[in-house]
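Data block below; observations after.
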Amino acid sequence: MLKGIAASPGIEIGKAHVIESEQVNINTAAIAKEDIDKHVKTLKEAINASKLQLKRIKEKAEKELGADKAEIFGAHLMVLEDPVFLDEIESKIKNELISADNATSQVVKNYVDIFNNMEDEYMKERAADIKDVGERIIKNILGLSTDGFIFSEKVIIVARDLTPSDTAQMDKDKVLAFATDMGGRTSHTAIMARSLEIPAVVGLVDVTGKVQDGDIIVIDGNKGVIYINPEQSILKEYERLKQDYTEYRKQLRGLKDLPAETSDKTRQVELSANIGTPKDVKGALENGAEGVGLYRTEFLYMDRDALPSEEEQFNAYKEVIEKMAPRSIIIRTLDIGGDKKLPYLAMPDELNPFLGYRAIRMCLGKPQILKTQLRGILRASAYGNAKIMYPMVSGSEEVRRANAILNEAKQELKAEGISFDENLEVGIMVEIPSAAVTADILAKEVDFFSIGTNDLIQYTLAVDRMNEHISYLYEPLHPAVLRLIKNVIDASHKAGKWTGMCGEMAGDTSATAILLGMGLDEFSMSASSIPQVKKIIRSLTYKEARQIAQKALSMDKPEDIRNMVEQEMAKIR
Ligand code: PEP
Ligand code: MG
């Protein structure tokens, strides 16, 4: 058995097809001056060939994966149209007298290094795009094959890594699942696999070294494990699990329009989606989201060279609010800093960026940025049901200061005769332990809480959420985390307010019964997790959930808690 990262759920059993990366030998020898024109011409031809190939792939992807996913290839085409990138390669050939493939390889490497050195996961993924385009150009220069994967039978693909264009070129009817050496939860392979609903396990380190063509593979995308040529008993067990899982997904599809209420109908909660851009609304609605519990607005500020204007922000917020109406949209104000930097915004170099000048702290230090955003949100609030949420609040003074800026924005709009929702609710993310411990104090200042467990866990347990060496300590079911969550929910209810959760834990099915039983009012998660969480909620009585929560809160070890929940759920089913 090999353990990797569960990138896309589902179970498959099939024959392995190992993708060997084709050897690309770059010509590193210097070229003669009189050959410069020849190399520039080869480069230009390779770029044109790459464009044609990518256009074809993009069309295929549009048909098979939808316009959203096909946009990756739009981004690749844009790299090929970028005059700065192309001029840089051409100048290298001319000035350094190196071959077209060598020049392309060096320029691409330079860009990839820059993007990879950024701490932001999103930017790191952009490095993969540039690398993918670069490899295509080089293969075209060298006359190597850029064809996709053609299989005569259904296979499980085993590869070092899969680029977006590899994935898009595949014959989907023939691909059962993916297993890769590289990749993380946010890698393109993972994203593509999830949207194709193909099971995938990534980050297996050396699966390509351990598997041979034709080996029988079991891939468990739910647990993130694979088995190579397993014994008969494991195969049998997995055939049964696969059937159960297929049946389970079928049932889930039927839940889309049903409420998230307990089986005894004594408790109903709201299941919402986390989104990053207006494009994500489609997936939210398809999975039955009852609202948006977290709109991460920082994406509006990224991938550009200046702050977005009030008008631009107003349009993005209005689009989401209108498309989701009459559902509620919680718009989080800018959460930049930590692992997310903006190239155009001067930020101090920090020893501990996650404990530094980020989110509401930065916005209170640059109030004009916050006010522009709040004006955009307020204006959009006239078109539906919007709420505002401040990130990284550590104490009540920050809420008061942010609200003072919000009031200024309201007064300005009133004076300008621009309408907005006068009753718009204002809440905070509870993601710093000090906020969770003093939730009773903060409850006086806000209309609602949303628990940001991604950060709350890292700060409570002192475990950097980005550091793979200590990821075994990153434990949502740690008693300290559970107690803080319970404290926040209780404090809000005492004050007549409500509490949601928008960290990943809200979509973690091993925590659903506990959170429901603790009285959490709203669960906001990746849209595709909503049906599974809803199924659990609908299978429990509120009393059963409360008992599970109570038991969990009395236990010492996360592992025991996880087993207890599993056993209790098995009894109920
Ligand atoms: C969180 O910290 O739980 C959260 C939802 O915010 P982000 O992941 O954007 O920090
Ligand atoms: Mg956070």
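In the structure tokens, chains take letters A, B, ... by order of appearance, with residues numbered from 1 within each chain and ligands from 1 in the order shown.
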
Can you tell me which residues surround A:Ile114 at a distance of at most 12 Å, considering only C-alpha atoms, apart from same-chain residues fewer than 5 positions away, and format the answer as a PyMOL selection string? chain A and resi 107-109+119-120+123-128+130-131

Residues at most 12 Å from A:Ala346, counting only C-alpha atoms, excluding those fewer than 3 positions away in the same chain, as a VMD selection string? chain A and resid 306 to 307 336 to 337 341 to 343 349 357 362 366

How about saving the chosen residues, C-alpha atoms kept, as a PDB file, in the first residue's frame?
```pdb
ATOM      1  CA  ALA A 306      -2.859  47.813  -9.298  1.00  0.00           C
ATOM      2  CA  LEU A 307      -5.693  47.760  -6.761  1.00  0.00           C
ATOM      3  CA  ILE A 336      -3.848  39.711   2.211  1.00  0.00           C
ATOM      4  CA  GLY A 337      -0.479  39.131   3.876  1.00  0.00           C
ATOM      5  CA  LYS A 341       1.142  38.926  -1.222  1.00  0.00           C
ATOM      6  CA  LEU A 342       0.249  41.604  -3.766  1.00  0.00           C
ATOM      7  CA  PRO A 343       3.192  42.607  -5.977  1.00  0.00           C
ATOM      8  CA  ASP A 349       9.495  41.961   5.056  1.00  0.00           C
ATOM      9  CA  TYR A 357       0.775  42.557   8.969  1.00  0.00           C
ATOM     10  CA  MET A 362      -3.237  45.710   7.100  1.00  0.00           C
ATOM     11  CA  LYS A 366      -4.397  51.431   4.969  1.00  0.00           C
TER      12      LYS A 366
END
```

As a ChimeraX atom specification, please: the residues near stretch 78-92 of chain A (cut-off 7 Å, only C-alpha atoms, same-chain neighbours under 4 positions excluded). /A:40,47,74,96,98,103-104,107

May I have the residues within 8 Å of stretch 439-454 of chain A as an mmCIF file with N, CA, C and O atoms, in the first residue's frame, using only C-alpha atoms and disregarding those fewer than 5 positions away in the same chain?
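File written: result.cif
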```cif
data_model
loop_
_atom_site.group_PDB
_atom_site.id
_atom_site.type_symbol
_atom_site.label_atom_id
_atom_site.label_comp_id
_atom_site.auth_asym_id
_atom_site.auth_seq_id
_atom_site.Cartn_x
_atom_site.Cartn_y
_atom_site.Cartn_z
ATOM 1 N N GLY A 395 -9.312 41.059 18.586
ATOM 2 C CA GLY A 395 -9.975 41.671 19.745
ATOM 3 C C GLY A 395 -11.014 42.690 19.293
ATOM 4 O O GLY A 395 -11.085 43.040 18.107
ATOM 5 N N SER A 396 -11.807 43.182 20.255
ATOM 6 C CA SER A 396 -12.969 44.001 19.883
ATOM 7 C C SER A 396 -12.596 45.375 19.314
ATOM 8 O O SER A 396 -13.350 45.959 18.535
ATOM 9 N N VAL A 399 -12.703 45.428 15.607
ATOM 10 C CA VAL A 399 -14.060 45.451 15.042
ATOM 11 C C VAL A 399 -14.601 46.882 15.085
ATOM 12 O O VAL A 399 -15.180 47.378 14.109
ATOM 13 N N ARG A 400 -14.387 47.555 16.205
ATOM 14 C CA ARG A 400 -14.894 48.924 16.326
ATOM 15 C C ARG A 400 -14.247 49.836 15.287
ATOM 16 O O ARG A 400 -14.922 50.654 14.663
ATOM 17 N N GLU A 425 -25.894 42.703 7.681
ATOM 18 C CA GLU A 425 -25.244 42.152 8.871
ATOM 19 C C GLU A 425 -23.720 42.232 8.741
ATOM 20 O O GLU A 425 -23.180 42.101 7.639
ATOM 21 N N VAL A 426 -23.069 42.439 9.883
ATOM 22 C CA VAL A 426 -21.606 42.496 9.899
ATOM 23 C C VAL A 426 -21.084 41.476 10.917
ATOM 24 O O VAL A 426 -21.513 41.463 12.069
ATOM 25 N N GLY A 427 -20.188 40.614 10.437
ATOM 26 C CA GLY A 427 -19.642 39.584 11.329
ATOM 27 C C GLY A 427 -18.135 39.515 11.240
ATOM 28 O O GLY A 427 -17.491 40.284 10.509
ATOM 29 N N ILE A 428 -17.569 38.592 11.988
ATOM 30 C CA ILE A 428 -16.113 38.423 11.943
ATOM 31 C C ILE A 428 -15.761 36.942 11.779
ATOM 32 O O ILE A 428 -16.535 36.063 12.140
ATOM 33 N N MET A 429 -14.552 36.712 11.254
ATOM 34 C CA MET A 429 -14.024 35.366 11.260
ATOM 35 C C MET A 429 -13.388 35.145 12.622
ATOM 36 O O MET A 429 -12.657 36.004 13.118
ATOM 37 N N VAL A 430 -13.680 34.004 13.222
ATOM 38 C CA VAL A 430 -13.003 33.650 14.462
ATOM 39 C C VAL A 430 -11.932 32.648 14.066
ATOM 40 O O VAL A 430 -12.220 31.491 13.784
ATOM 41 N N GLU A 431 -10.696 33.135 13.947
ATOM 42 C CA GLU A 431 -9.609 32.272 13.492
ATOM 43 C C GLU A 431 -8.337 32.491 14.298
ATOM 44 O O GLU A 431 -7.298 31.938 14.001
ATOM 45 N N ARG A 465 0.310 25.935 8.758
ATOM 46 C CA ARG A 465 -0.581 25.168 7.880
ATOM 47 C C ARG A 465 0.047 24.850 6.528
ATOM 48 O O ARG A 465 -0.485 24.046 5.767
ATOM 49 N N PRO A 476 -7.740 18.776 13.272
ATOM 50 C CA PRO A 476 -9.017 19.453 13.554
ATOM 51 C C PRO A 476 -9.734 18.912 14.791
ATOM 52 O O PRO A 476 -10.438 19.660 15.466
ATOM 53 N N ILE A 485 -14.132 25.787 19.578
ATOM 54 C CA ILE A 485 -15.313 25.872 18.707
ATOM 55 C C ILE A 485 -16.587 25.912 19.543
ATOM 56 O O ILE A 485 -17.475 26.738 19.327
ATOM 57 N N ASN A 487 -16.919 26.883 22.583
ATOM 58 C CA ASN A 487 -17.002 28.154 23.302
ATOM 59 C C ASN A 487 -17.584 29.266 22.407
ATOM 60 O O ASN A 487 -18.413 30.057 22.841
ATOM 61 N N VAL A 488 -17.143 29.279 21.148
ATOM 62 C CA VAL A 488 -17.612 30.318 20.220
ATOM 63 C C VAL A 488 -19.110 30.151 19.961
ATOM 64 O O VAL A 488 -19.886 31.119 20.018
ATOM 65 N N ALA A 491 -21.153 31.103 23.110
ATOM 66 C CA ALA A 491 -21.141 32.548 23.385
ATOM 67 C C ALA A 491 -22.060 33.279 22.413
ATOM 68 O O ALA A 491 -22.791 34.199 22.799
ATOM 69 N N SER A 492 -22.042 32.867 21.151
ATOM 70 C CA SER A 492 -22.892 33.555 20.163
ATOM 71 C C SER A 492 -24.361 33.316 20.492
ATOM 72 O O SER A 492 -25.169 34.240 20.467
ATOM 73 N N ALA A 495 -25.744 35.338 23.259
ATOM 74 C CA ALA A 495 -25.959 36.745 22.903
ATOM 75 C C ALA A 495 -27.026 36.881 21.808
ATOM 76 O O ALA A 495 -27.222 37.969 21.262
ATOM 77 N N LYS A 497 -26.907 35.570 18.819
ATOM 78 C CA LYS A 497 -26.266 35.660 17.490
ATOM 79 C C LYS A 497 -26.066 34.245 16.950
ATOM 80 O O LYS A 497 -26.298 33.264 17.653
ATOM 81 N N TRP A 498 -25.572 34.143 15.713
ATOM 82 C CA TRP A 498 -25.356 32.803 15.149
ATOM 83 C C TRP A 498 -23.896 32.591 14.764
ATOM 84 O O TRP A 498 -23.149 33.556 14.573
ATOM 85 N N THR A 499 -23.522 31.307 14.647
ATOM 86 C CA THR A 499 -22.142 30.964 14.286
ATOM 87 C C THR A 499 -22.101 30.008 13.097
ATOM 88 O O THR A 499 -22.807 28.995 13.087
ATOM 89 N N GLY A 500 -21.270 30.352 12.144
ATOM 90 C CA GLY A 500 -21.012 29.450 11.018
ATOM 91 C C GLY A 500 -19.564 28.989 11.069
ATOM 92 O O GLY A 500 -18.802 29.355 11.974
ATOM 93 N N MET A 501 -19.196 28.162 10.086
ATOM 94 C CA MET A 501 -17.794 27.743 9.984
ATOM 95 C C MET A 501 -17.437 27.733 8.499
ATOM 96 O O MET A 501 -18.173 27.180 7.684
ATOM 97 N N CYS A 502 -16.314 28.389 8.152
ATOM 98 C CA CYS A 502 -15.952 28.425 6.734
ATOM 99 C C CYS A 502 -14.563 27.847 6.479
ATOM 100 O O CYS A 502 -14.072 27.868 5.364
ATOM 101 N N GLY A 503 -13.927 27.294 7.523
ATOM 102 C CA GLY A 503 -12.663 26.581 7.306
ATOM 103 C C GLY A 503 -12.958 25.205 6.726
ATOM 104 O O GLY A 503 -14.111 24.759 6.736
ATOM 105 N N GLU A 504 -11.905 24.533 6.254
ATOM 106 C CA GLU A 504 -12.067 23.209 5.620
ATOM 107 C C GLU A 504 -12.774 22.194 6.514
ATOM 108 O O GLU A 504 -13.398 21.250 6.041
ATOM 109 N N MET A 505 -12.665 22.391 7.833
ATOM 110 C CA MET A 505 -13.270 21.441 8.770
ATOM 111 C C MET A 505 -14.786 21.346 8.566
ATOM 112 O O MET A 505 -15.382 20.304 8.851
#
```

With only C-alpha atoms as the counted atoms, please give the residues lying no more than 9 Å from A:Lys557, apart from itself and same-chain residues fewer than 6 positions off, as a PyMOL selection string. chain A and resi 477-479

For the structure I just gave you, how does DSSP split stretch 145-394 of chain A - specifically, which residues are strand (DSSP E)? Reply as a ChimeraX atom specification. /A:155-159,175-180,200-202,216-220,225-228,260-261,268-275,291-296,328-332,385-390

Any idea what's packed within 10 Å of A:Lys371, counting only C-alpha atoms, ignoring anything in its chain fewer than 5 positions away? Could you give it as a list in words?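 Near A:Lys371, the qualifying residues are Glu310, Cys363, Leu364, Lys366, Gly376, Ile377, Ala402, Ile405, Leu406, Asn407, Glu408, Ala409 and Lys410 of chain A.
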
Using the selection just defined, write its residues with all heavy atoms as an mmCIF file, in the first residue's frame.
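So the final result, stored in selection11.cif, reads:
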```
data_model
loop_
_atom_site.group_PDB
_atom_site.id
_atom_site.type_symbol
_atom_site.label_atom_id
_atom_site.label_comp_id
_atom_site.auth_asym_id
_atom_site.auth_seq_id
_atom_site.Cartn_x
_atom_site.Cartn_y
_atom_site.Cartn_z
ATOM 1 N N GLU A 310 -13.275 50.746 -7.102
ATOM 2 C CA GLU A 310 -14.564 50.510 -6.424
ATOM 3 C C GLU A 310 -15.577 49.941 -7.420
ATOM 4 O O GLU A 310 -16.320 49.014 -7.100
ATOM 5 C CB GLU A 310 -15.073 51.842 -5.843
ATOM 6 C CG GLU A 310 -16.441 51.725 -5.203
ATOM 7 C CD GLU A 310 -16.975 53.077 -4.746
ATOM 8 O OE1 GLU A 310 -16.207 53.860 -4.141
ATOM 9 O OE2 GLU A 310 -18.164 53.362 -5.013
ATOM 10 N N CYS A 363 -5.573 46.258 6.604
ATOM 11 C CA CYS A 363 -6.655 47.137 6.131
ATOM 12 C C CYS A 363 -6.862 48.324 7.077
ATOM 13 O O CYS A 363 -7.183 49.421 6.628
ATOM 14 C CB CYS A 363 -7.953 46.350 5.998
ATOM 15 S SG CYS A 363 -7.967 45.334 4.522
ATOM 16 N N LEU A 364 -6.666 48.112 8.377
ATOM 17 C CA LEU A 364 -6.807 49.240 9.306
ATOM 18 C C LEU A 364 -5.613 50.183 9.188
ATOM 19 O O LEU A 364 -5.720 51.371 9.459
ATOM 20 C CB LEU A 364 -6.953 48.731 10.749
ATOM 21 C CG LEU A 364 -8.274 47.996 11.032
ATOM 22 C CD1 LEU A 364 -8.270 47.382 12.431
ATOM 23 C CD2 LEU A 364 -9.481 48.929 10.872
ATOM 24 N N LYS A 366 -4.202 50.751 6.272
ATOM 25 C CA LYS A 366 -4.397 51.431 4.969
ATOM 26 C C LYS A 366 -5.907 51.598 4.775
ATOM 27 O O LYS A 366 -6.522 50.927 3.928
ATOM 28 C CB LYS A 366 -3.808 50.581 3.834
ATOM 29 C CG LYS A 366 -2.298 50.310 3.955
ATOM 30 C CD LYS A 366 -1.812 49.503 2.762
ATOM 31 C CE LYS A 366 -0.404 48.992 2.928
ATOM 32 N NZ LYS A 366 0.656 49.997 2.901
ATOM 33 N N GLY A 376 -17.801 49.381 -2.277
ATOM 34 C CA GLY A 376 -18.188 48.447 -3.344
ATOM 35 C C GLY A 376 -19.197 47.425 -2.837
ATOM 36 O O GLY A 376 -20.209 47.137 -3.497
ATOM 37 N N ILE A 377 -18.939 46.891 -1.638
ATOM 38 C CA ILE A 377 -19.850 45.878 -1.074
ATOM 39 C C ILE A 377 -21.205 46.510 -0.747
ATOM 40 O O ILE A 377 -22.263 45.963 -1.070
ATOM 41 C CB ILE A 377 -19.257 45.236 0.210
ATOM 42 C CG1 ILE A 377 -17.913 44.551 -0.095
ATOM 43 C CG2 ILE A 377 -20.233 44.234 0.809
ATOM 44 C CD1 ILE A 377 -17.168 44.017 1.142
ATOM 45 N N ALA A 402 -12.914 48.974 12.397
ATOM 46 C CA ALA A 402 -13.387 48.628 11.045
ATOM 47 C C ALA A 402 -14.807 49.148 10.841
ATOM 48 O O ALA A 402 -15.144 49.692 9.782
ATOM 49 C CB ALA A 402 -13.335 47.117 10.845
ATOM 50 N N ILE A 405 -14.986 52.764 9.947
ATOM 51 C CA ILE A 405 -14.733 53.018 8.513
ATOM 52 C C ILE A 405 -15.979 52.643 7.701
ATOM 53 O O ILE A 405 -16.361 53.336 6.755
ATOM 54 C CB ILE A 405 -13.478 52.233 8.048
ATOM 55 C CG1 ILE A 405 -12.250 52.747 8.817
ATOM 56 C CG2 ILE A 405 -13.266 52.367 6.539
ATOM 57 C CD1 ILE A 405 -10.991 51.912 8.639
ATOM 58 N N LEU A 406 -16.634 51.552 8.116
ATOM 59 C CA LEU A 406 -17.876 51.152 7.439
ATOM 60 C C LEU A 406 -18.922 52.262 7.568
ATOM 61 O O LEU A 406 -19.611 52.612 6.599
ATOM 62 C CB LEU A 406 -18.399 49.847 8.068
ATOM 63 C CG LEU A 406 -19.726 49.310 7.542
ATOM 64 C CD1 LEU A 406 -19.634 48.931 6.063
ATOM 65 C CD2 LEU A 406 -20.184 48.073 8.351
ATOM 66 N N ASN A 407 -19.014 52.865 8.763
ATOM 67 C CA ASN A 407 -19.989 53.951 8.948
ATOM 68 C C ASN A 407 -19.670 55.157 8.091
ATOM 69 O O ASN A 407 -20.563 55.781 7.526
ATOM 70 C CB ASN A 407 -20.070 54.350 10.422
ATOM 71 C CG ASN A 407 -20.985 53.404 11.161
ATOM 72 O OD1 ASN A 407 -21.898 52.815 10.558
ATOM 73 N ND2 ASN A 407 -20.730 53.208 12.448
ATOM 74 N N GLU A 408 -18.368 55.455 8.005
ATOM 75 C CA GLU A 408 -17.964 56.570 7.116
ATOM 76 C C GLU A 408 -18.429 56.287 5.692
ATOM 77 O O GLU A 408 -18.974 57.157 5.014
ATOM 78 C CB GLU A 408 -16.439 56.701 7.083
ATOM 79 C CG GLU A 408 -15.856 57.553 8.189
ATOM 80 C CD GLU A 408 -14.313 57.484 8.157
ATOM 81 O OE1 GLU A 408 -13.735 57.404 7.055
ATOM 82 O OE2 GLU A 408 -13.711 57.481 9.249
ATOM 83 N N ALA A 409 -18.202 55.040 5.234
ATOM 84 C CA ALA A 409 -18.586 54.669 3.867
ATOM 85 C C ALA A 409 -20.100 54.818 3.682
ATOM 86 O O ALA A 409 -20.578 55.330 2.665
ATOM 87 C CB ALA A 409 -18.150 53.237 3.562
ATOM 88 N N LYS A 410 -20.853 54.415 4.712
ATOM 89 C CA LYS A 410 -22.323 54.520 4.637
ATOM 90 C C LYS A 410 -22.746 55.991 4.539
ATOM 91 O O LYS A 410 -23.610 56.345 3.734
ATOM 92 C CB LYS A 410 -22.966 53.883 5.872
ATOM 93 C CG LYS A 410 -22.963 52.359 5.864
ATOM 94 C CD LYS A 410 -23.679 51.836 7.110
ATOM 95 C CE LYS A 410 -23.739 50.312 7.109
ATOM 96 N NZ LYS A 410 -24.301 49.765 8.344
#
```
